[in-house]
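Asker: Next comes coords38.pdb, PDB, C-alpha atoms, pLDDT in the B column:
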```pdb
ATOM      1  CA  MET A  15      -4.790 -64.500 256.446  1.00 48.00           C
ATOM      2  CA  MET A  16      -5.094 -67.735 258.430  1.00 58.00           C
ATOM      3  CA  ASP A  17      -1.984 -69.578 257.327  1.00 85.00           C
ATOM      4  CA  GLN A  18       0.458 -66.726 257.373  1.00 93.00           C
ATOM      5  CA  THR A  19       4.164 -67.618 257.460  1.00 96.00           C
ATOM      6  CA  VAL A  20       7.408 -65.668 257.590  1.00 97.00           C
ATOM      7  CA  TYR A  21       7.492 -66.023 253.804  1.00 96.00           C
ATOM      8  CA  ASP A  22       4.636 -63.516 253.523  1.00 96.00           C
ATOM      9  CA  PHE A  23       6.874 -60.630 254.630  1.00 97.00           C
ATOM     10  CA  THR A  24       9.450 -58.398 253.046  1.00 97.00           C
ATOM     11  CA  ALA A  25      12.325 -56.575 254.702  1.00 97.00           C
ATOM     12  CA  MET A  26      15.132 -54.283 253.633  1.00 97.00           C
ATOM     13  CA  ASP A  27      18.568 -55.839 253.792  1.00 97.00           C
ATOM     14  CA  ILE A  28      21.473 -53.968 255.357  1.00 96.00           C
ATOM     15  CA  ASP A  29      22.366 -52.574 251.923  1.00 96.00           C
ATOM     16  CA  GLY A  30      18.879 -51.120 251.459  1.00 95.00           C
ATOM     17  CA  ASN A  31      17.584 -53.748 249.036  1.00 97.00           C
ATOM     18  CA  LYS A  32      14.056 -55.095 249.393  1.00 98.00           C
ATOM     19  CA  VAL A  33      14.090 -58.810 250.232  1.00 97.00           C
ATOM     20  CA  GLU A  34      11.029 -61.010 249.836  1.00 97.00           C
ATOM     21  CA  LEU A  35      11.418 -63.489 252.675  1.00 97.00           C
ATOM     22  CA  ASN A  36       9.938 -66.198 250.457  1.00 96.00           C
ATOM     23  CA  VAL A  37      13.500 -66.536 249.086  1.00 97.00           C
ATOM     24  CA  TYR A  38      14.017 -68.604 252.269  1.00 97.00           C
ATOM     25  CA  LYS A  39      11.148 -71.010 251.497  1.00 97.00           C
ATOM     26  CA  GLY A  40      12.078 -74.521 252.549  1.00 97.00           C
ATOM     27  CA  LYS A  41      14.866 -73.272 254.831  1.00 97.00           C
ATOM     28  CA  VAL A  42      15.124 -73.401 258.614  1.00 98.00           C
ATOM     29  CA  LEU A  43      15.598 -69.870 260.007  1.00 98.00           C
ATOM     30  CA  LEU A  44      16.812 -68.339 263.234  1.00 98.00           C
ATOM     31  CA  ILE A  45      15.614 -64.724 263.303  1.00 98.00           C
ATOM     32  CA  VAL A  46      17.403 -62.527 265.842  1.00 98.00           C
ATOM     33  CA  ASN A  47      17.179 -58.867 266.840  1.00 98.00           C
ATOM     34  CA  THR A  48      20.784 -57.764 267.215  1.00 97.00           C
ATOM     35  CA  ALA A  49      22.778 -54.874 268.680  1.00 96.00           C
ATOM     36  CA  SER A  50      26.454 -53.922 268.538  1.00 96.00           C
ATOM     37  CA  LYS A  51      26.810 -52.502 272.045  1.00 95.00           C
ATOM     38  CA  CYS A  52      24.970 -55.067 274.152  1.00 95.00           C
ATOM     39  CA  GLY A  53      26.191 -57.505 276.783  1.00 95.00           C
ATOM     40  CA  PHE A  54      24.994 -60.262 274.437  1.00 95.00           C
ATOM     41  CA  THR A  55      26.769 -58.856 271.356  1.00 96.00           C
ATOM     42  CA  LYS A  56      29.363 -61.642 271.581  1.00 96.00           C
ATOM     43  CA  GLN A  57      26.530 -63.969 270.490  1.00 97.00           C
ATOM     44  CA  TYR A  58      27.293 -62.807 266.950  1.00 97.00           C
ATOM     45  CA  ALA A  59      30.207 -65.278 267.046  1.00 97.00           C
ATOM     46  CA  ALA A  60      27.958 -68.200 268.036  1.00 98.00           C
ATOM     47  CA  LEU A  61      25.284 -67.193 265.517  1.00 98.00           C
ATOM     48  CA  GLU A  62      27.910 -67.138 262.763  1.00 97.00           C
ATOM     49  CA  GLU A  63      29.217 -70.521 263.967  1.00 97.00           C
ATOM     50  CA  LEU A  64      25.693 -71.985 263.704  1.00 97.00           C
ATOM     51  CA  TYR A  65      25.251 -70.476 260.260  1.00 98.00           C
ATOM     52  CA  GLN A  66      28.543 -71.895 258.986  1.00 98.00           C
ATOM     53  CA  LYS A  67      27.810 -75.309 260.516  1.00 97.00           C
ATOM     54  CA  TYR A  68      24.317 -75.736 259.042  1.00 98.00           C
ATOM     55  CA  LYS A  69      24.053 -73.416 256.015  1.00 97.00           C
ATOM     56  CA  ASP A  70      24.789 -76.232 253.569  1.00 97.00           C
ATOM     57  CA  ASN A  71      21.828 -78.123 255.062  1.00 97.00           C
ATOM     58  CA  GLY A  72      19.368 -75.286 254.422  1.00 97.00           C
ATOM     59  CA  PHE A  73      19.751 -73.131 257.553  1.00 98.00           C
ATOM     60  CA  PHE A  74      19.967 -69.341 257.752  1.00 98.00           C
ATOM     61  CA  VAL A  75      20.426 -66.862 260.562  1.00 98.00           C
ATOM     62  CA  LEU A  76      18.663 -63.565 259.800  1.00 98.00           C
ATOM     63  CA  GLY A  77      19.936 -60.612 261.839  1.00 98.00           C
ATOM     64  CA  PHE A  78      17.755 -57.561 262.432  1.00 98.00           C
ATOM     65  CA  PRO A  79      19.588 -54.698 264.168  1.00 98.00           C
ATOM     66  CA  CYS A  80      17.413 -52.856 266.679  1.00 97.00           C
ATOM     67  CA  ASN A  81      18.063 -49.732 268.730  1.00 97.00           C
ATOM     68  CA  GLN A  82      15.030 -50.026 271.037  1.00 96.00           C
ATOM     69  CA  PHE A  83      16.877 -51.391 274.060  1.00 96.00           C
ATOM     70  CA  ALA A  84      19.073 -48.849 275.878  1.00 95.00           C
ATOM     71  CA  SER A  85      20.140 -47.401 272.495  1.00 96.00           C
ATOM     72  CA  GLN A  86      22.591 -50.271 272.040  1.00 96.00           C
ATOM     73  CA  GLU A  87      22.494 -50.113 268.230  1.00 96.00           C
ATOM     74  CA  PRO A  88      23.107 -46.415 267.504  1.00 94.00           C
ATOM     75  CA  GLY A  89      25.030 -46.915 264.261  1.00 93.00           C
ATOM     76  CA  ASN A  90      23.879 -46.417 260.702  1.00 95.00           C
ATOM     77  CA  MET A  91      23.711 -49.380 258.313  1.00 94.00           C
ATOM     78  CA  ASP A  92      27.299 -48.970 257.098  1.00 96.00           C
ATOM     79  CA  GLU A  93      28.636 -48.799 260.661  1.00 96.00           C
ATOM     80  CA  ILE A  94      26.628 -51.863 261.698  1.00 96.00           C
ATOM     81  CA  LYS A  95      27.736 -53.799 258.629  1.00 95.00           C
ATOM     82  CA  LYS A  96      31.392 -52.881 259.202  1.00 95.00           C
ATOM     83  CA  PHE A  97      31.190 -53.794 262.901  1.00 96.00           C
ATOM     84  CA  CYS A  98      29.595 -57.201 262.180  1.00 94.00           C
ATOM     85  CA  SER A  99      32.058 -57.978 259.430  1.00 93.00           C
ATOM     86  CA  LEU A 100      35.261 -56.789 261.098  1.00 94.00           C
ATOM     87  CA  THR A 101      34.500 -57.851 264.671  1.00 95.00           C
ATOM     88  CA  TYR A 102      32.624 -61.121 264.147  1.00 95.00           C
ATOM     89  CA  ASN A 103      33.184 -61.971 260.472  1.00 95.00           C
ATOM     90  CA  VAL A 104      29.398 -62.155 260.069  1.00 96.00           C
ATOM     91  CA  ASP A 105      28.451 -63.807 256.791  1.00 96.00           C
ATOM     92  CA  PHE A 106      24.778 -64.529 257.527  1.00 97.00           C
ATOM     93  CA  PRO A 107      22.153 -62.158 256.095  1.00 97.00           C
ATOM     94  CA  MET A 108      21.803 -58.870 257.968  1.00 97.00           C
ATOM     95  CA  PHE A 109      18.870 -56.546 257.503  1.00 97.00           C
ATOM     96  CA  SER A 110      18.208 -52.855 257.987  1.00 97.00           C
ATOM     97  CA  LYS A 111      17.551 -51.580 261.485  1.00 96.00           C
ATOM     98  CA  VAL A 112      13.999 -52.270 262.662  1.00 97.00           C
ATOM     99  CA  GLU A 113      11.775 -51.711 265.651  1.00 97.00           C
ATOM    100  CA  VAL A 114      10.529 -54.907 267.273  1.00 97.00           C
ATOM    101  CA  ASN A 115       8.061 -53.432 269.777  1.00 96.00           C
ATOM    102  CA  GLY A 116       5.452 -50.708 269.668  1.00 95.00           C
ATOM    103  CA  ASP A 117       3.329 -49.182 266.932  1.00 94.00           C
ATOM    104  CA  ASN A 118       6.261 -48.998 264.503  1.00 96.00           C
ATOM    105  CA  ALA A 119       7.345 -52.609 264.990  1.00 97.00           C
ATOM    106  CA  HIS A 120       8.272 -54.290 261.728  1.00 97.00           C
ATOM    107  CA  PRO A 121       5.347 -56.453 260.483  1.00 97.00           C
ATOM    108  CA  LEU A 122       7.591 -59.537 260.618  1.00 97.00           C
ATOM    109  CA  TYR A 123       8.213 -58.936 264.314  1.00 97.00           C
ATOM    110  CA  LYS A 124       4.528 -58.375 265.001  1.00 95.00           C
ATOM    111  CA  PHE A 125       3.953 -61.800 263.417  1.00 96.00           C
ATOM    112  CA  LEU A 126       6.815 -63.517 265.279  1.00 96.00           C
ATOM    113  CA  LYS A 127       5.604 -62.220 268.655  1.00 95.00           C
ATOM    114  CA  GLN A 128       2.029 -63.273 267.881  1.00 93.00           C
ATOM    115  CA  GLU A 129       3.149 -66.792 266.925  1.00 93.00           C
ATOM    116  CA  ALA A 130       5.540 -67.277 269.856  1.00 91.00           C
ATOM    117  CA  PRO A 131       4.738 -65.137 272.891  1.00 86.00           C
ATOM    118  CA  GLY A 132       7.352 -64.942 275.601  1.00 81.00           C
ATOM    119  CA  VAL A 133       7.190 -65.887 279.261  1.00 74.00           C
ATOM    120  CA  LEU A 134       3.694 -65.551 280.780  1.00 75.00           C
ATOM    121  CA  GLY A 135       2.293 -65.017 277.291  1.00 78.00           C
ATOM    122  CA  LEU A 136       3.778 -61.549 277.022  1.00 77.00           C
ATOM    123  CA  LYS A 137       4.354 -60.639 273.407  1.00 87.00           C
ATOM    124  CA  ALA A 138       6.804 -57.767 273.834  1.00 91.00           C
ATOM    125  CA  ILE A 139      10.439 -58.485 273.173  1.00 94.00           C
ATOM    126  CA  LYS A 140      12.393 -57.779 276.327  1.00 93.00           C
ATOM    127  CA  TRP A 141      15.917 -57.269 275.006  1.00 95.00           C
ATOM    128  CA  ASN A 142      18.397 -57.680 272.174  1.00 97.00           C
ATOM    129  CA  PHE A 143      19.203 -61.165 270.874  1.00 97.00           C
ATOM    130  CA  THR A 144      15.736 -62.634 271.333  1.00 97.00           C
ATOM    131  CA  LYS A 145      15.710 -65.559 268.913  1.00 97.00           C
ATOM    132  CA  PHE A 146      12.860 -67.083 266.900  1.00 97.00           C
ATOM    133  CA  LEU A 147      13.322 -70.513 265.329  1.00 98.00           C
ATOM    134  CA  VAL A 148      11.297 -71.048 262.156  1.00 98.00           C
ATOM    135  CA  ASN A 149      10.766 -74.406 260.444  1.00 97.00           C
ATOM    136  CA  SER A 150      11.088 -75.065 256.712  1.00 96.00           C
ATOM    137  CA  GLN A 151       7.359 -74.362 256.265  1.00 96.00           C
ATOM    138  CA  GLY A 152       7.814 -70.819 257.577  1.00 96.00           C
ATOM    139  CA  LYS A 153       6.133 -71.488 260.932  1.00 96.00           C
ATOM    140  CA  VAL A 154       7.566 -70.216 264.209  1.00 96.00           C
ATOM    141  CA  VAL A 155       8.365 -73.219 266.399  1.00 96.00           C
ATOM    142  CA  ASN A 156      10.203 -71.640 269.321  1.00 96.00           C
ATOM    143  CA  ARG A 157      11.276 -68.406 270.962  1.00 96.00           C
ATOM    144  CA  TYR A 158      14.476 -68.184 272.977  1.00 96.00           C
ATOM    145  CA  ALA A 159      15.460 -65.615 275.579  1.00 94.00           C
ATOM    146  CA  PRO A 160      18.340 -63.214 274.940  1.00 96.00           C
ATOM    147  CA  ALA A 161      20.542 -65.083 277.436  1.00 96.00           C
ATOM    148  CA  THR A 162      20.104 -68.390 275.570  1.00 96.00           C
ATOM    149  CA  ASP A 163      23.421 -69.373 273.996  1.00 97.00           C
ATOM    150  CA  PRO A 164      22.797 -69.804 270.264  1.00 97.00           C
ATOM    151  CA  LEU A 165      24.926 -72.961 270.275  1.00 97.00           C
ATOM    152  CA  GLY A 166      22.483 -74.401 272.815  1.00 96.00           C
ATOM    153  CA  ILE A 167      19.831 -74.335 270.085  1.00 96.00           C
ATOM    154  CA  SER A 168      21.821 -76.743 267.856  1.00 97.00           C
ATOM    155  CA  CYS A 169      19.705 -79.794 268.734  1.00 97.00           C
ATOM    156  CA  ASP A 170      16.475 -77.954 267.885  1.00 97.00           C
ATOM    157  CA  ILE A 171      17.947 -76.790 264.571  1.00 98.00           C
ATOM    158  CA  GLU A 172      19.150 -80.302 263.709  1.00 97.00           C
ATOM    159  CA  LYS A 173      15.664 -81.749 264.410  1.00 97.00           C
ATOM    160  CA  LEU A 174      14.069 -79.226 262.050  1.00 97.00           C
ATOM    161  CA  LEU A 175      16.673 -79.842 259.349  1.00 97.00           C
ATOM    162  CA  GLN A 176      15.818 -83.552 259.466  1.00 94.00           C
ATOM    163  CA  GLU A 177      12.068 -82.994 259.016  1.00 88.00           C
TER     164      GLU A 177
END
```
Would you put the structure from the file into structure tokens?
Answerer:
Amino acid sequence: MMDQTVYDFTAMDIDGNKVELNVYKGKVLLIVNTASKCGFTKQYAALEELYQKYKDNGFFVLGFPCNQFASQEPGNMDEIKKFCSLTYNVDFPMFSKVEVNGDNAHPLYKFLKQEAPGVLGLKAIKWNFTKFLVNSQGKVVNRYAPATDPLGISCDIEKLLQE
């Protein structure tokens, strides 16, 4: 399909329910692979801050737990959900644990990496908290490194919300 968008995919939410991502049609999205035991885990707070700041304008953070990097997301869905809620008061949508690299990578992540390769054109995701910014048409517009502070993306989000 030539004009594929993030809306063409489905994913399981953290409670095990199938979610058609087209429910986010017309919204600006920041899709992030997360982990509870990572040096960047504190970014949950900034991601939640972004979500609270812009959600009324049509912005969502979508969190996808991943255990592919140094086994930093070993928990089951209930443990992850509890950690996110109790530690960071996460209110943005969280999904079931996925793989982001390799043969078993979630189809959404295969698409995201194809649309926005990393440094030197490498498609593989290097670490937890790699962020993909998606415009309201479902197109990937930018990829941010794990070390990028989510709050530093505010200007890019605001531009997309004004489109």
Asker: Determine, for each residue of region 83-133 of chain A having at least one atom at most 7 Å from an atom of region 140-155 of chain A, the closest pair of atoms and their separation in Å to one decimal, counting only C-alpha atoms; order by chain and ascending number, as CSV.
Answerer:
```
residue,atom,partner,partner_atom,distance
A:Phe83,CA,A:Trp141,CA,6.0
A:Leu126,CA,A:Val154,CA,6.8
A:Glu129,CA,A:Val154,CA,6.2
A:Ala130,CA,A:Val154,CA,6.7
```
Asker: Pull C-alpha atoms from the residues just selected and write them as a PDB file, in the frame of the given file.
Answerer:
```
ATOM      1  CA  PHE A  83      16.877 -51.391 274.060  1.00 96.00           C
ATOM      2  CA  LEU A 126       6.815 -63.517 265.279  1.00 96.00           C
ATOM      3  CA  GLU A 129       3.149 -66.792 266.925  1.00 93.00           C
ATOM      4  CA  ALA A 130       5.540 -67.277 269.856  1.00 91.00           C
TER       5      ALA A 130
END
```
Asker: Between A:Gln128, A:Thr19, A:Asn31, A:Thr162, which is the closest to Pro107 (chain A) once you count all atoms listed in the file?
Answerer: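 Looking at the shortest contact to Pro107 (chain A), the residue is A:Asn31.
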Asker: Where does the PyMOL selection byres ((chain A and resi 113) around 9) land in this file, that is, which residues does it pick, as a list of chain:residue names?
Answerer: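 What the PyMOL selection byres ((chain A and resi 113) around 9) grabs from the file is A:Phe78, A:Pro79, A:Cys80, A:Asn81, A:Gln82, A:Lys111, A:Val112, A:Val114, A:Asn115, A:Gly116, A:Asp117, A:Asn118, A:Ala119, A:His120, A:Tyr123.
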Asker: Can you write just those residues out, C-alpha atoms, as a PDB file, in the frame of the given file?
Answerer:
```
ATOM      1  CA  PHE A  78      17.755 -57.561 262.432  1.00 98.00           C
ATOM      2  CA  PRO A  79      19.588 -54.698 264.168  1.00 98.00           C
ATOM      3  CA  CYS A  80      17.413 -52.856 266.679  1.00 97.00           C
ATOM      4  CA  ASN A  81      18.063 -49.732 268.730  1.00 97.00           C
ATOM      5  CA  GLN A  82      15.030 -50.026 271.037  1.00 96.00           C
ATOM      6  CA  LYS A 111      17.551 -51.580 261.485  1.00 96.00           C
ATOM      7  CA  VAL A 112      13.999 -52.270 262.662  1.00 97.00           C
ATOM      8  CA  VAL A 114      10.529 -54.907 267.273  1.00 97.00           C
ATOM      9  CA  ASN A 115       8.061 -53.432 269.777  1.00 96.00           C
ATOM     10  CA  GLY A 116       5.452 -50.708 269.668  1.00 95.00           C
ATOM     11  CA  ASP A 117       3.329 -49.182 266.932  1.00 94.00           C
ATOM     12  CA  ASN A 118       6.261 -48.998 264.503  1.00 96.00           C
ATOM     13  CA  ALA A 119       7.345 -52.609 264.990  1.00 97.00           C
ATOM     14  CA  HIS A 120       8.272 -54.290 261.728  1.00 97.00           C
ATOM     15  CA  TYR A 123       8.213 -58.936 264.314  1.00 97.00           C
TER      16      TYR A 123
END
```
Asker: With the file shown as input, list the residues that the PyMOL selection byres ((chain A and resi 86-99) around 10) selects, as JSON, numbers by chain.
Answerer: {"A": [27, 28, 29, 30, 48, 49, 50, 51, 52, 53, 55, 58, 59, 79, 80, 81, 82, 83, 84, 85, 100, 101, 102, 103, 104, 105, 106, 108, 109, 110, 111, 142]}
Asker: Between CA of Gly72 (chain A) and CA of Ala138 (chain A), what distance in Å does the model show, to one decimal?
Answerer: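 Between CA of Gly72 (chain A) and CA of Ala138 (chain A) the gap is 29.0 Å.
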Asker: Taking into account all atoms listed in the file, which residue in the set A:Glu177, A:Asp70, A:Ala161, A:Cys169 is nearest to Lys56 (chain A)?
Answerer: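 Ranking A:Glu177, A:Asp70, A:Ala161, A:Cys169 by distance to Lys56 (chain A), first place goes to A:Ala161.
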Asker: In terms of the shortest atom-to-atom distance over only C-alpha atoms, which of A:Asn71, A:Ser168, A:Gln66, A:Asn156 is closest to Ile45 (chain A)?
Answerer: A:Asn156
Asker: Can you list, as a list in words, the residues that the PyMOL selection byres ((chain A and resi 69) around 12) selects here?
Answerer: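 On the file shown, the PyMOL selection byres ((chain A and resi 69) around 12) covers Tyr38, Lys41, Val42, Leu43, Leu44, Leu61, Glu62, Glu63, Leu64, Tyr65, Gln66, Lys67, Tyr68, Asp70, Asn71, Gly72, Phe73, Phe74, Val75, Leu76, Asp105, Phe106, Pro107, Ile171, Glu172 and Leu175 of chain A.
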Asker: Have a look at CA of Asn36 (chain A) and CA of Val133 (chain A) and let me know their distance in Å, one decimal.
Answerer: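 Separation of CA of Asn36 (chain A) and CA of Val133 (chain A): 28.9 Å.
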Asker: Just checking: using all atoms listed in the file, which residue out of A:Lys137, A:Lys39, A:Phe54, A:Leu122 ends up closest to Met26 (chain A)?
Answerer: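 Distance minimum relative to Met26 (chain A) lands on A:Leu122.
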Asker: Show me, as JSON, the centre and edge lengths in Å to one decimal of the axis-aligned box that covers every listed atom of region 92-104 of chain A with 3 Å on each side.
Answerer:
```
{"center_x": 30.9, "center_y": -55.5, "center_z": 260.9, "size_x": 14.6, "size_y": 19.4, "size_z": 13.6}
```
Asker: May I ask for the distance between CA of Lys32 (chain A) and CA of Pro164 (chain A), given in Å to one decimal place?
Answerer: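 A separation of 27.0 Å between them.
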Asker: Name the residues, using the chain letters and numbers of the file, that sit within 7 Å of (11.4, -61.7, 255.8) when counting only C-alpha atoms, and give them as a list of chain:residue names.
Answerer: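 The requested residues, written out, are A:Val20, A:Tyr21, A:Phe23, A:Thr24, A:Ala25, A:Val33, A:Glu34, A:Leu35, A:Leu122.
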Asker: Would you export the selected residues with C-alpha atoms as an mmCIF file, in the coordinates of the input, please?
Answerer:
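What follows is the written file part22.cif:
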```cif
data_model
loop_
_atom_site.group_PDB
_atom_site.id
_atom_site.type_symbol
_atom_site.label_atom_id
_atom_site.label_comp_id
_atom_site.auth_asym_id
_atom_site.auth_seq_id
_atom_site.Cartn_x
_atom_site.Cartn_y
_atom_site.Cartn_z
ATOM 1 C CA VAL A 20 7.408 -65.668 257.590
ATOM 2 C CA TYR A 21 7.492 -66.023 253.804
ATOM 3 C CA PHE A 23 6.874 -60.630 254.630
ATOM 4 C CA THR A 24 9.450 -58.398 253.046
ATOM 5 C CA ALA A 25 12.325 -56.575 254.702
ATOM 6 C CA VAL A 33 14.090 -58.810 250.232
ATOM 7 C CA GLU A 34 11.029 -61.010 249.836
ATOM 8 C CA LEU A 35 11.418 -63.489 252.675
ATOM 9 C CA LEU A 122 7.591 -59.537 260.618
#
```
Asker: Calculated over all atoms listed in the file, which of the candidates A:Val37, A:Leu174, A:Ala159, A:Leu165 has the smallest distance to Pro131 (chain A)?
Answerer: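 Checking each candidate against Pro131 (chain A), we get A:Ala159 as the closest.
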